[in-house]
$ cat target.txt   # compact mmCIF, C-alpha atoms
# COMPACT_ATOMS: atom_id res chain seq x y z
CA TYR V 981 42.95 161.06 110.36
CA LEU V 982 40.87 158.65 108.26
CA LYS V 983 37.95 157.48 110.37
CA GLY V 984 37.51 154.38 108.23
CA VAL V 985 40.86 153.03 109.48
CA ASP V 986 39.32 151.90 112.77
CA HIS V 987 36.74 149.89 110.84
CA ASP V 988 39.48 148.33 108.70
CA LEU V 989 41.30 147.23 111.84
CA LYS V 990 38.18 145.60 113.24
CA ASN V 991 37.12 144.06 109.91
CA TYR V 992 40.49 142.49 109.08
CA LYS V 993 40.90 141.01 112.54
CA GLU V 994 37.39 139.55 112.55
CA TYR V 995 37.90 138.16 109.07
CA LEU V 996 41.31 136.56 109.67
CA THR V 997 40.18 134.90 112.90
CA SER V 998 37.00 133.56 111.27
CA ASN V 999 36.78 130.10 109.70
CA VAL V 1000 36.60 131.57 106.20
CA GLY V 1001 39.67 133.74 106.83
CA GLY V 1002 41.75 130.76 107.97
CA ALA V 1003 41.10 130.78 111.74
CA TRP V 1004 44.23 132.73 112.67
CA TYR V 1005 45.08 132.64 116.36
CA GLY V 1006 43.92 135.87 117.99
CA ASN V 1007 43.82 137.18 121.55
CA ASP V 1008 41.98 134.09 122.79
CA TYR V 1009 45.19 132.07 122.40
CA SER V 1010 48.30 132.18 124.57
CA THR V 1011 50.34 133.25 121.54
CA SER V 1012 48.50 135.53 119.13
CA GLU V 1013 49.48 135.49 115.46
CA ILE V 1014 48.03 138.95 114.95
CA GLN V 1015 49.96 142.08 115.83
CA ILE V 1016 48.24 145.45 115.53
CA LEU V 1017 50.39 148.56 115.14
CA LYS V 1018 48.12 151.59 115.29
CA ASN V 1019 49.67 155.04 114.89
CA GLU V 1020 53.07 153.58 115.73
CA LYS V 1021 56.38 155.19 114.82
CA LYS V 1022 58.72 154.00 112.09
CA ASP V 1023 61.20 152.17 114.31
CA VAL V 1024 58.43 150.11 115.94
CA ILE V 1025 57.06 149.02 112.58
CA ILE V 1026 60.49 148.25 111.13
CA SER V 1027 61.35 146.19 114.21
CA ALA V 1028 58.14 144.16 113.88
CA ILE V 1029 58.85 143.46 110.21
CA LYS V 1030 62.49 142.50 110.76
CA ASN V 1031 61.78 140.31 113.79
CA SER V 1032 59.05 138.31 112.10
CA ASN V 1033 59.76 134.59 112.30
CA ALA V 1034 57.01 132.95 110.28
CA ASP V 1035 56.47 130.76 107.26
CA PHE V 1036 53.78 133.12 105.94
CA THR V 1037 53.10 136.80 106.62
CA PHE V 1038 50.06 138.91 105.76
CA VAL V 1039 50.75 142.62 106.22
CA VAL V 1040 48.09 145.29 105.74
CA PHE V 1041 48.40 149.07 105.84
CA THR V 1042 45.39 151.38 105.72
CA GLY V 1043 45.79 155.13 105.95
CA HIS V 1044 47.49 157.96 104.06
CA GLY V 1045 50.05 157.24 101.36
CA PHE V 1046 51.57 158.52 98.13
CA LEU V 1047 53.78 157.48 95.24
CA TYR V 1048 57.29 158.93 95.19
CA SER V 1049 57.81 159.94 91.56
CA LYS V 1050 61.60 159.46 91.60
CA ASN V 1051 61.49 155.73 92.32
CA ASP V 1052 57.83 154.78 91.65
CA LEU V 1053 57.48 153.25 95.11
CA THR V 1054 54.43 153.64 97.30
CA TYR V 1055 55.13 155.25 100.68
CA ILE V 1056 52.95 155.11 103.78
CA CYS V 1057 52.59 158.18 105.99
CA LEU V 1058 53.32 157.88 109.70
CA SER V 1059 53.36 160.38 112.55
CA ASP V 1060 57.17 160.62 112.43
CA GLY V 1061 57.90 160.15 108.74
CA TYR V 1062 57.40 157.75 105.86
CA LEU V 1063 58.19 154.14 105.00
CA SER V 1064 58.36 152.67 101.51
CA GLU V 1065 56.60 149.49 100.49
CA HIS V 1066 60.00 147.77 100.48
CA ASP V 1067 60.35 148.50 104.20
CA LEU V 1068 57.24 146.37 104.83
CA ILE V 1069 58.58 143.17 103.26
CA THR V 1070 59.30 140.38 105.74
CA SER V 1071 61.76 137.50 105.39
CA ALA V 1072 59.02 134.86 105.08
CA LYS V 1073 59.07 132.65 101.98
CA ARG V 1074 55.39 133.39 101.33
CA ARG V 1075 54.30 136.99 101.80
CA VAL V 1076 51.25 139.17 101.18
CA LEU V 1077 51.32 142.97 101.48
CA ILE V 1078 48.11 144.99 101.12
CA LEU V 1079 48.39 148.79 100.79
CA ASP V 1080 45.01 150.49 101.13
CA CYS V 1081 46.16 154.07 100.60
CA CYS V 1082 46.30 156.77 97.93
CA ARG V 1083 49.04 156.63 95.29
CA GLU V 1084 49.10 160.16 93.92
CA SER V 1085 52.57 161.09 92.63
CA GLU V 1086 54.63 163.48 94.71
CA ASP V 1087 58.05 164.83 93.75
CA MET V 1088 59.50 165.35 97.21
CA SER V 1089 63.08 166.14 98.14
CA GLU V 1090 65.23 163.42 99.68
CA SER V 1091 65.04 165.25 103.02
CA PHE V 1092 61.43 164.12 103.33
CA LEU V 1093 62.33 160.43 103.12
CA GLY V 1094 64.31 158.09 105.34
CA ASP V 1095 65.22 158.24 109.00
CA GLY V 1096 64.91 161.66 110.54
CA GLY V 1097 63.28 163.06 107.44
CA LYS V 1098 61.46 166.37 107.55
CA ILE V 1099 57.73 166.07 108.10
CA SER V 1100 55.49 168.46 106.21
CA LYS V 1101 52.38 167.28 108.03
CA SER V 1102 51.80 164.71 110.74
CA ARG V 1103 49.34 162.07 109.60
CA ASP V 1104 47.92 159.33 111.79
CA SER V 1105 47.55 155.90 110.25
CA LEU V 1106 47.14 152.22 111.00
CA SER V 1107 49.48 149.38 110.22
CA PHE V 1108 48.10 145.89 110.68
CA TYR V 1109 50.63 143.06 110.78
CA SER V 1110 50.06 139.35 111.24
CA ASN V 1111 51.73 136.02 110.66
CA SER V 1112 51.03 132.31 110.63
CA LYS V 1113 53.03 129.16 111.21
CA VAL V 1114 52.49 126.29 108.80
CA LEU V 1115 51.53 122.99 110.43
CA GLU V 1116 52.20 119.49 109.13
CA ILE V 1117 48.99 118.12 107.59
CA ASN V 1118 48.18 114.58 106.50
CA THR V 1119 46.91 115.13 102.94
CA SER V 1120 45.38 111.65 102.63
CA ARG V 1121 42.42 112.39 104.92
CA SER V 1122 39.35 114.58 104.86
CA VAL V 1123 40.11 118.14 105.88
CA ILE V 1124 37.24 119.65 107.83
CA HIS V 1125 38.74 122.18 110.23
CA SER V 1126 39.28 125.59 108.64
CA ARG V 1127 42.72 126.07 110.19
CA ALA V 1128 43.85 122.69 108.89
CA LYS V 1129 42.62 123.66 105.42
CA PHE V 1130 44.43 126.99 105.62
CA ASP V 1131 47.72 125.38 106.64
CA LEU V 1132 47.40 122.77 103.91
CA ALA V 1133 46.75 125.51 101.35
CA LEU V 1134 49.94 127.25 102.50
CA GLN V 1135 51.92 124.05 102.04
CA LEU V 1136 50.56 123.65 98.52
CA SER V 1137 51.09 127.29 97.52
CA ASN V 1138 54.21 128.55 95.79
CA GLU V 1139 56.79 130.90 97.28
CA GLY V 1140 56.95 134.62 96.56
CA GLN V 1141 55.65 138.11 97.35
CA PHE V 1142 52.19 139.42 96.48
CA THR V 1143 51.64 143.18 96.81
CA GLY V 1144 48.11 144.49 96.38
CA TYR V 1145 47.37 148.20 95.90
CA ALA V 1146 43.99 149.82 96.50
CA CYS V 1147 44.33 151.97 93.39
CA LEU V 1148 46.42 152.74 90.33
CA ILE V 1149 49.19 155.35 90.23
CA ASP V 1150 47.81 158.92 90.51
CA GLN V 1151 44.53 157.69 91.98
CA THR V 1152 43.03 158.15 95.43
CA SER V 1153 41.80 155.33 97.62
CA GLY V 1154 38.22 155.63 98.83
CA ASP V 1155 37.54 155.68 102.58
CA ASN V 1156 34.11 155.39 104.17
CA PRO V 1157 34.11 156.72 107.76
CA THR V 1158 31.32 154.31 108.71
CA SER V 1159 32.64 151.10 107.12
CA GLY V 1160 36.33 151.44 106.14
CA GLY V 1161 38.36 151.56 102.94
CA ALA V 1162 36.50 150.70 99.74
CA PHE V 1163 39.20 148.26 98.63
CA SER V 1164 39.61 146.50 101.98
CA SER V 1165 35.85 146.21 102.46
CA GLU V 1166 35.30 144.62 99.05
CA LEU V 1167 38.33 142.34 99.40
CA ILE V 1168 36.99 140.96 102.67
CA ASN V 1169 33.51 140.57 101.16
CA THR V 1170 35.06 138.60 98.29
CA GLY V 1171 36.60 136.20 100.79
CA LYS V 1172 33.37 135.82 102.73
CA ASN V 1173 31.38 135.09 99.56
CA PHE V 1174 33.85 132.39 98.52
CA GLY V 1175 33.69 130.71 101.91
CA SER V 1176 29.93 130.30 101.81
CA ILE V 1177 29.87 128.23 98.60
CA ASP V 1178 30.59 124.51 98.31
CA ARG V 1179 33.31 123.94 95.70
CA LYS V 1180 36.12 121.58 94.78
CA ASP V 1181 38.84 124.23 95.05
CA PHE V 1182 38.88 124.59 98.81
CA TRP V 1183 40.83 127.85 98.99
CA LEU V 1184 40.74 131.23 97.25
CA PRO V 1185 44.23 132.50 96.32
CA ILE V 1186 44.96 136.14 97.11
CA ARG V 1187 45.58 136.94 93.44
CA ARG V 1188 42.14 135.67 92.44
CA ALA V 1189 40.56 137.49 95.38
CA VAL V 1190 42.05 140.82 94.27
CA ASN V 1191 41.05 140.21 90.63
CA GLU V 1192 37.44 139.64 91.72
CA THR V 1193 37.60 142.76 93.90
CA ILE V 1194 38.81 144.77 90.89
CA LYS V 1195 35.73 143.67 88.92
CA THR V 1196 33.41 144.62 91.79
CA LEU V 1197 34.89 148.10 92.27
CA LYS V 1198 34.71 148.83 88.54
CA ASP V 1199 30.91 148.62 88.88
CA ASP V 1200 30.84 150.81 92.01
CA ILE V 1201 29.43 154.23 91.09
CA PHE V 1202 30.79 155.77 94.29
CA THR V 1203 34.48 155.31 93.46
CA ASP V 1204 36.67 155.38 90.36
CA GLN V 1205 39.66 153.67 91.95
CA ILE V 1206 41.02 150.57 90.24
CA PRO V 1207 43.02 148.19 92.44
CA THR V 1208 46.11 146.51 91.04
CA TYR V 1209 48.94 144.24 92.17
CA ILE V 1210 52.43 142.99 91.43
CA THR V 1211 54.08 139.66 92.18
CA THR V 1212 57.65 138.67 92.90
CA PRO V 1213 58.77 136.72 90.91
CA ILE V 1214 57.12 138.84 88.20
CA ASN V 1215 53.93 137.45 86.63
CA MET V 1216 53.90 134.37 88.86
CA ASP V 1217 50.42 133.10 89.66
CA LEU V 1218 50.91 133.15 93.43
CA THR V 1219 48.44 130.92 95.25
CA HIS V 1220 48.73 132.12 98.86
CA PRO V 1221 45.33 131.46 100.51
CA PHE V 1222 43.02 134.35 101.36
CA ALA V 1223 39.78 132.45 101.99
CA ILE V 1224 38.85 128.88 102.90
CA THR V 1225 35.52 127.27 102.08
CA ASN V 1226 33.33 126.37 105.06
CA MET V 1227 32.25 123.15 103.36
CA LEU V 1228 33.65 119.62 103.74
CA ASN V 1229 36.38 118.87 101.22
CA ILE V 1230 38.05 115.57 100.39
CA ILE V 1231 41.70 116.30 99.63
$ encode --input "target.txt" --output "structure tokens"
Amino acid sequence: YLKGVDHDLKNYKEYLTSNVGGAWYGNDYSTSEIQILKNEKKDVIISAIKNSNADFTFVVFTGHGFLYSKNDLTYICLSDGYLSEHDLITSAKRRVLILDCCRESEDMSESFLGDGGKISKSRDSLSFYSNSKVLEINTSRSVIHSRAKFDLALQLSNEGQFTGYACLIDQTSGDNPTSGGAFSSELINTGKNFGSIDRKDFWLPIRRAVNETIKTLKDDIFTDQIPTYITTPINMDLTHPFAITNMLNII
């Protein structure tokens, strides 16, 4: 069990519900937009993904994972089996998937994958799933409230899937038992730093956030992991918001 996972859970929830993170509705609201699936089984996670009814979804997994060499897909390790990154894609038009796990290649038999697959070792993990509804915003006025800015950014962003990986193929993902995953920690710090600066571009797209995180981790002497990402459609500059500036913006 990776002790840093508990910190990732806490850090992501605090960030997403903060003004900089977009002021997602948490437990203080009658209907929370954040669903936490900790050490859950495959069918519970698949059900949550399939039953999502949102305009935008932000799905994060932190824990153990690997790359299946026969299809080059990243798999997450659960207590009762494995799920591929494709199993974590929702039906929303705008989607973000963050996989903070190792991606070392493993050539495993088909019996290890899929429903009822053989388990070589039970591994606890955390899956963090959340979603947001887009609200109608009047773009001719000043936008002050962080949630209003976040919803407007979603309206202005293009459609597609962004998948961020904590490391390259055949690399391990660093985990600090006292602070969380190296990639997740730096990604959240990138968002916080953006939100504290007054600027004309009032939101930080997830693609830019990951690119800045890549630069930061390259200078980190305590890890050699290099984050990466893919977009669907391929090479599209997806602009899904990850951070919102705290400052007043005139839209």
$ closest_residue --input "target.txt" --among "V:Cys1147, V:Val1024, V:Leu1134, V:Cys1081" --to "Ser1059 (chain V)" --atoms "all atoms listed in the file"
V:Val1024
$ closest_residue --input "target.txt" --among "V:Ala1133, V:Ile1168, V:Leu1218, V:Ile1210" --to "Asp1181 (chain V)" --atoms "all atoms listed in the file"
V:Ala1133
$ residues_around --input "target.txt" --residues "Leu1197 (chain V)" --least-positions-apart "2" --cutoff "10 Å" --atoms "all atoms listed in the file" --output "PyMOL selection string"
chain V and resi 1162-1163+1166-1167+1192-1195+1199-1207
$ atom_distance --input "target.txt" --atom1 "CA of Ile1078 (chain V)" --atom2 "CA of Tyr1062 (chain V)"
16.5 Å
$ closest_residue --input "target.txt" --among "V:Ser1085, V:Asp1080, V:Leu1063, V:Ile1056" --to "Gly1160 (chain V)" --atoms "all atoms listed in the file"
V:Asp1080
$ closest_residue --input "target.txt" --among "V:Asp1023, V:Lys1050, V:Thr1037, V:Ser1126" --to "Asp1067 (chain V)" --atoms "only C-alpha atoms"
V:Asp1023
$ closest_residue --input "target.txt" --among "V:Tyr1145, V:Phe1038, V:Glu1020, V:Ile1224" --to "Lys1172 (chain V)" --atoms "only C-alpha atoms"
V:Ile1224
$ closest_residue --input "target.txt" --among "V:His1066, V:Arg1075, V:Arg1083, V:Lys1018" --to "Gly1154 (chain V)" --atoms "all atoms listed in the file"
V:Arg1083
$ residues_around --input "target.txt" --residues "Val1000 (chain V)" --least-positions-apart "3" --cutoff "8 Å" --atoms "all atoms listed in the file" --output "ChimeraX atom specification"
/V:995-996,1003,1126,1171-1172,1175,1223-1226
$ residues_around --input "target.txt" --residues "Ser1032 (chain V)" --least-positions-apart "4" --cutoff "9 Å" --atoms "all atoms listed in the file" --output "compact mmCIF listing (two decimals) with C-alpha atoms, keeping the file's coordinate frame"
# COMPACT_ATOMS: atom_id res chain seq x y z
CA SER V 1027 61.35 146.19 114.21
CA ALA V 1028 58.14 144.16 113.88
CA THR V 1037 53.10 136.80 106.62
CA THR V 1070 59.30 140.38 105.74
CA SER V 1071 61.76 137.50 105.39
CA ALA V 1072 59.02 134.86 105.08
CA ASN V 1111 51.73 136.02 110.66
